[in-house]
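Participant: Structure file model-v1.txt, compact mmCIF, C-alpha atoms, is pasted below:
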# COMPACT_ATOMS: atom_id res chain seq x y z
CA MET A 1 4.97 7.59 -12.80
CA LYS A 2 2.16 8.75 -15.06
CA LEU A 3 -1.29 9.59 -13.77
CA LYS A 4 -2.90 6.53 -15.37
CA ASP A 5 -0.23 4.33 -13.77
CA ILE A 6 -0.96 5.87 -10.39
CA LYS A 7 -4.69 5.26 -10.80
CA ALA A 8 -3.95 1.67 -11.85
CA LEU A 9 -2.10 1.11 -8.56
CA HIS A 10 -5.36 1.50 -6.66
CA ASP A 11 -6.87 -1.37 -8.64
CA GLN A 12 -4.06 -3.80 -7.80
CA THR A 13 -4.21 -6.32 -4.99
CA ILE A 14 -2.08 -6.06 -1.89
CA ASP A 15 0.16 -8.92 -3.06
CA GLN A 16 0.80 -7.22 -6.39
CA LEU A 17 1.59 -3.96 -4.65
CA LEU A 18 4.01 -5.69 -2.28
CA LYS A 19 5.86 -7.29 -5.19
CA GLN A 20 6.07 -3.96 -6.99
CA LEU A 21 7.24 -2.27 -3.80
CA ALA A 22 10.04 -4.79 -3.34
CA GLU A 23 11.20 -4.28 -6.92
CA LEU A 24 11.15 -0.49 -6.60
CA GLN A 25 13.07 -0.64 -3.33
CA ARG A 26 15.70 -2.83 -5.01
CA GLN A 27 15.97 -0.36 -7.91
CA LEU A 28 16.19 2.55 -5.48
CA ALA A 29 19.03 0.91 -3.55
CA GLN A 30 20.95 0.27 -6.77
CA ALA A 31 20.38 3.84 -7.95
CA ARG A 32 21.67 5.22 -4.66
CA ILE A 33 24.80 3.09 -4.91
CA LYS A 34 25.40 4.22 -8.49
CA LYS A 35 24.83 7.84 -7.48
CA GLN A 36 27.49 7.59 -4.76
CA ALA A 37 29.91 6.08 -7.27
CA ASN A 38 29.12 8.90 -9.75
CA LYS A 39 27.97 6.35 -12.34
CA LEU A 40 24.33 7.39 -12.45
CA GLU A 41 23.48 9.44 -15.53
CA ASN A 42 20.13 10.76 -14.27
CA VAL A 43 20.48 11.67 -10.60
CA ALA A 44 16.82 12.77 -10.51
CA SER A 45 15.81 9.12 -10.94
CA VAL A 46 16.65 8.52 -7.27
CA LYS A 47 14.00 11.05 -6.23
CA LEU A 48 11.48 9.63 -8.70
CA LEU A 49 12.01 6.10 -7.41
CA ALA A 50 11.69 7.29 -3.81
CA ASP A 51 8.42 9.03 -4.70
CA ASP A 52 7.10 5.85 -6.31
CA VAL A 53 8.00 3.83 -3.22
CA ALA A 54 6.19 6.33 -1.01
CA ARG A 55 3.16 6.26 -3.31
CA ILE A 56 2.87 2.47 -3.10
CA LYS A 57 3.35 2.49 0.67
CA THR A 58 0.55 5.03 0.98
CA ILE A 59 -1.80 2.93 -1.12
CA LEU A 60 -0.95 -0.16 0.92
CA GLN A 61 -1.66 1.74 4.12
CA GLU A 62 -5.01 2.89 2.73
CA LYS A 63 -5.96 -0.63 1.72
CA ASN A 64 -4.99 -2.01 5.13
CA SER A 65 -7.02 0.63 6.95
CA GLN A 66 -10.02 -0.07 4.71
CA GLU A 67 -9.81 -3.76 5.53
CA SER A 68 -9.58 -3.08 9.26
CA VAL A 69 -12.61 -0.79 9.09
CA LYS A 70 -14.56 -3.46 7.22
CA LYS A 71 -13.59 -6.04 9.86
CA SER A 72 -14.60 -3.76 12.72
CA ILE A 73 -17.94 -3.04 11.07
CA LYS A 74 -18.52 -6.75 10.61
CA ILE A 75 -17.63 -7.43 14.24
CA SER A 76 -19.90 -4.65 15.50
CA LYS A 77 -22.79 -5.99 13.40
CA GLU A 78 -22.19 -9.48 14.76
CA SER A 79 -22.08 -8.24 18.34
CA LYS A 80 -25.34 -6.35 17.85
CA SER A 81 -27.01 -9.47 16.49
CA VAL A 82 -25.71 -11.50 19.44
CA LYS A 83 -27.09 -8.90 21.86
CA LYS A 84 -30.48 -9.10 20.14
CA VAL A 85 -30.52 -12.89 20.36
CA THR A 86 -29.62 -12.85 24.06
CA LYS A 87 -32.33 -10.27 24.79
CA GLU A 88 -34.90 -12.34 22.92
CA LYS A 89 -34.00 -15.46 24.93
CA LYS A 90 -34.60 -13.64 28.20
What is this file in structure tokens?

Facilitator:
Amino acid sequence: MKLKDIKALHDQTIDQLLKQLAELQRQLAQARIKKQANKLENVASVKLLADDVARIKTILQEKNSQESVKKSIKISKESKSVKKVTKEKK
């Protein structure tokens, strides 16, 4: 995968990444089968596909952790505002 393609992965949505991940995993499985049957011309393609799968999984993990951090920040802000309101009522 070229550098510009890798950078473009970060701009994709989670759904797009999941679709691409499923396709790469399918290609990887087929490449492994062909490699075992000695019908794969470029055996290095298995490693390249595995690297691409790992890259997408890493980006998905980053995006999920970013979303969870955003949710926790939102929750903490809401809880602080609730505490302020309850103090003001007293």

Participant: Can you tell me, as a ChimeraX atom specification, what residues are no more than 10 Å from Ile6 (chain A) when counting all atoms listed in the file, ignoring any on the same chain fewer than 6 positions away?

Facilitator: /A:52,55-56,59

Participant: Compile the contact shell of His10 (chain A) as JSON, numbers by chain: residues with an atom at most 12 Å away, counting all atoms listed in the file, same-chain residues fewer than 3 positions apart removed.

Facilitator: {"A": [3, 4, 5, 6, 7, 13, 14, 16, 17, 55, 56, 57, 58, 59, 60, 61, 62, 63]}

Participant: Quick one: pull the distance between CA of Lys47 (chain A) and CA of Gln27 (chain A), Å, one decimal.

Facilitator: 11.7 Å

Participant: So how many Å separate CA of Arg26 (chain A) and CA of Val46 (chain A), to one decimal?

Facilitator: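 Between these atoms lies a distance of 11.6 Å.
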
Participant: For Gln25 (chain A), which residue among A:Glu78, A:Met1, A:Leu49, A:Leu9 is the nearest when counting only C-alpha atoms?

Facilitator: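 For Gln25 (chain A), the nearest of the candidates is A:Leu49.
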
Participant: Determine the nearest neighbour of Ala54 (chain A) from the options A:Leu28, A:Ala8, A:Lys71, A:Asp15, counting all atoms listed in the file.

Facilitator: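 Result for the nearest residue to Ala54 (chain A): A:Leu28.
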
Participant: Could you work out how far CA of Glu41 (chain A) lies from CA of Lys19 (chain A), giving the answer in Å with one decimal?

Facilitator: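 Spanning CA of Lys19 (chain A) to CA of Glu41 (chain A) is a straight-line distance of 26.4 Å.
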
Participant: Specify the axis-aligned box that encloses all atoms of region 22-40 of chain A listed in the file after padding of 4 Å on each side, stating its centre and edge lengths in Å to one decimal as JSON.

Facilitator:
{"center_x": 20.0, "center_y": 2.1, "center_z": -7.9, "size_x": 27.9, "size_y": 21.7, "size_z": 17.1}

Participant: Give me region 10-86 of chain A from this structure - C-alpha atoms, as a PDB file, in the first residue's frame.

Facilitator:
ATOM      1  CA  HIS A  10      -7.470   7.767   8.098  1.00  0.00           C
ATOM      2  CA  ASP A  11     -10.048   9.883   6.278  1.00  0.00           C
ATOM      3  CA  GLN A  12     -12.449   6.984   5.714  1.00  0.00           C
ATOM      4  CA  THR A  13     -15.402   6.219   7.943  1.00  0.00           C
ATOM      5  CA  ILE A  14     -15.554   3.172  10.160  1.00  0.00           C
ATOM      6  CA  ASP A  15     -18.081   1.496   7.850  1.00  0.00           C
ATOM      7  CA  GLN A  16     -15.830   1.986   4.833  1.00  0.00           C
ATOM      8  CA  LEU A  17     -12.869   0.610   6.734  1.00  0.00           C
ATOM      9  CA  LEU A  18     -14.852  -2.435   7.841  1.00  0.00           C
ATOM     10  CA  LYS A  19     -15.875  -3.184   4.253  1.00  0.00           C
ATOM     11  CA  GLN A  20     -12.292  -2.824   3.077  1.00  0.00           C
ATOM     12  CA  LEU A  21     -11.092  -5.016   5.936  1.00  0.00           C
ATOM     13  CA  ALA A  22     -13.527  -7.777   5.014  1.00  0.00           C
ATOM     14  CA  GLU A  23     -12.390  -7.675   1.386  1.00  0.00           C
ATOM     15  CA  LEU A  24      -8.710  -7.792   2.336  1.00  0.00           C
ATOM     16  CA  GLN A  25      -9.306 -10.689   4.715  1.00  0.00           C
ATOM     17  CA  ARG A  26     -11.066 -12.580   1.912  1.00  0.00           C
ATOM     18  CA  GLN A  27      -8.144 -11.896  -0.451  1.00  0.00           C
ATOM     19  CA  LEU A  28      -5.674 -12.954   2.229  1.00  0.00           C
ATOM     20  CA  ALA A  29      -7.477 -16.256   2.791  1.00  0.00           C
ATOM     21  CA  GLN A  30      -7.491 -16.977  -0.940  1.00  0.00           C
ATOM     22  CA  ALA A  31      -3.806 -16.086  -1.241  1.00  0.00           C
ATOM     23  CA  ARG A  32      -2.929 -18.424   1.617  1.00  0.00           C
ATOM     24  CA  ILE A  33      -4.844 -21.266  -0.011  1.00  0.00           C
ATOM     25  CA  LYS A  34      -3.121 -20.649  -3.341  1.00  0.00           C
ATOM     26  CA  LYS A  35       0.253 -20.493  -1.607  1.00  0.00           C
ATOM     27  CA  GLN A  36      -0.320 -23.904   0.001  1.00  0.00           C
ATOM     28  CA  ALA A  37      -1.285 -25.323  -3.392  1.00  0.00           C
ATOM     29  CA  ASN A  38       1.861 -23.794  -4.956  1.00  0.00           C
ATOM     30  CA  LYS A  39      -0.280 -21.808  -7.404  1.00  0.00           C
ATOM     31  CA  LEU A  40       0.600 -18.357  -6.126  1.00  0.00           C
ATOM     32  CA  GLU A  41       3.093 -16.548  -8.350  1.00  0.00           C
ATOM     33  CA  ASN A  42       4.034 -13.835  -5.851  1.00  0.00           C
ATOM     34  CA  VAL A  43       4.346 -15.398  -2.404  1.00  0.00           C
ATOM     35  CA  ALA A  44       5.254 -12.001  -0.924  1.00  0.00           C
ATOM     36  CA  SER A  45       1.685 -10.855  -1.612  1.00  0.00           C
ATOM     37  CA  VAL A  46       0.529 -12.862   1.424  1.00  0.00           C
ATOM     38  CA  LYS A  47       2.733 -10.745   3.687  1.00  0.00           C
ATOM     39  CA  LEU A  48       1.624  -7.527   1.989  1.00  0.00           C
ATOM     40  CA  LEU A  49      -2.039  -8.415   2.420  1.00  0.00           C
ATOM     41  CA  ALA A  50      -1.473  -9.330   6.073  1.00  0.00           C
ATOM     42  CA  ASP A  51       0.248  -5.971   6.617  1.00  0.00           C
ATOM     43  CA  ASP A  52      -2.689  -4.147   5.023  1.00  0.00           C
ATOM     44  CA  VAL A  53      -5.141  -6.008   7.254  1.00  0.00           C
ATOM     45  CA  ALA A  54      -3.116  -5.070  10.333  1.00  0.00           C
ATOM     46  CA  ARG A  55      -2.951  -1.450   9.187  1.00  0.00           C
ATOM     47  CA  ILE A  56      -6.726  -1.192   8.840  1.00  0.00           C
ATOM     48  CA  LYS A  57      -7.305  -2.911  12.182  1.00  0.00           C
ATOM     49  CA  THR A  58      -4.977  -0.407  13.830  1.00  0.00           C
ATOM     50  CA  ILE A  59      -6.807   2.541  12.299  1.00  0.00           C
ATOM     51  CA  LEU A  60     -10.148   1.090  13.392  1.00  0.00           C
ATOM     52  CA  GLN A  61      -8.835   0.672  16.922  1.00  0.00           C
ATOM     53  CA  GLU A  62      -7.618   4.281  16.935  1.00  0.00           C
ATOM     54  CA  LYS A  63     -10.971   5.554  15.715  1.00  0.00           C
ATOM     55  CA  ASN A  64     -12.845   3.520  18.330  1.00  0.00           C
ATOM     56  CA  SER A  65     -10.630   4.789  21.134  1.00  0.00           C
ATOM     57  CA  GLN A  66     -11.081   8.375  19.935  1.00  0.00           C
ATOM     58  CA  GLU A  67     -14.843   7.952  20.004  1.00  0.00           C
ATOM     59  CA  SER A  68     -14.779   6.477  23.494  1.00  0.00           C
ATOM     60  CA  VAL A  69     -12.626   9.364  24.732  1.00  0.00           C
ATOM     61  CA  LYS A  70     -15.041  11.859  23.196  1.00  0.00           C
ATOM     62  CA  LYS A  71     -17.971  10.095  24.882  1.00  0.00           C
ATOM     63  CA  SER A  72     -16.233  10.062  28.261  1.00  0.00           C
ATOM     64  CA  ILE A  73     -15.403  13.754  27.957  1.00  0.00           C
ATOM     65  CA  LYS A  74     -19.012  14.494  27.096  1.00  0.00           C
ATOM     66  CA  ILE A  75     -20.231  12.450  30.058  1.00  0.00           C
ATOM     67  CA  SER A  76     -17.803  14.142  32.444  1.00  0.00           C
ATOM     68  CA  LYS A  77     -18.913  17.579  31.232  1.00  0.00           C
ATOM     69  CA  GLU A  78     -22.546  16.601  31.706  1.00  0.00           C
ATOM     70  CA  SER A  79     -21.898  15.286  35.199  1.00  0.00           C
ATOM     71  CA  LYS A  80     -20.108  18.499  36.147  1.00  0.00           C
ATOM     72  CA  SER A  81     -23.036  20.567  34.912  1.00  0.00           C
ATOM     73  CA  VAL A  82     -25.453  18.379  36.874  1.00  0.00           C
ATOM     74  CA  LYS A  83     -23.356  18.843  40.021  1.00  0.00           C
ATOM     75  CA  LYS A  84     -23.416  22.614  39.509  1.00  0.00           C
ATOM     76  CA  VAL A  85     -27.190  22.628  39.092  1.00  0.00           C
ATOM     77  CA  THR A  86     -27.718  20.541  42.225  1.00  0.00           C
TER      78      THR A  86
END
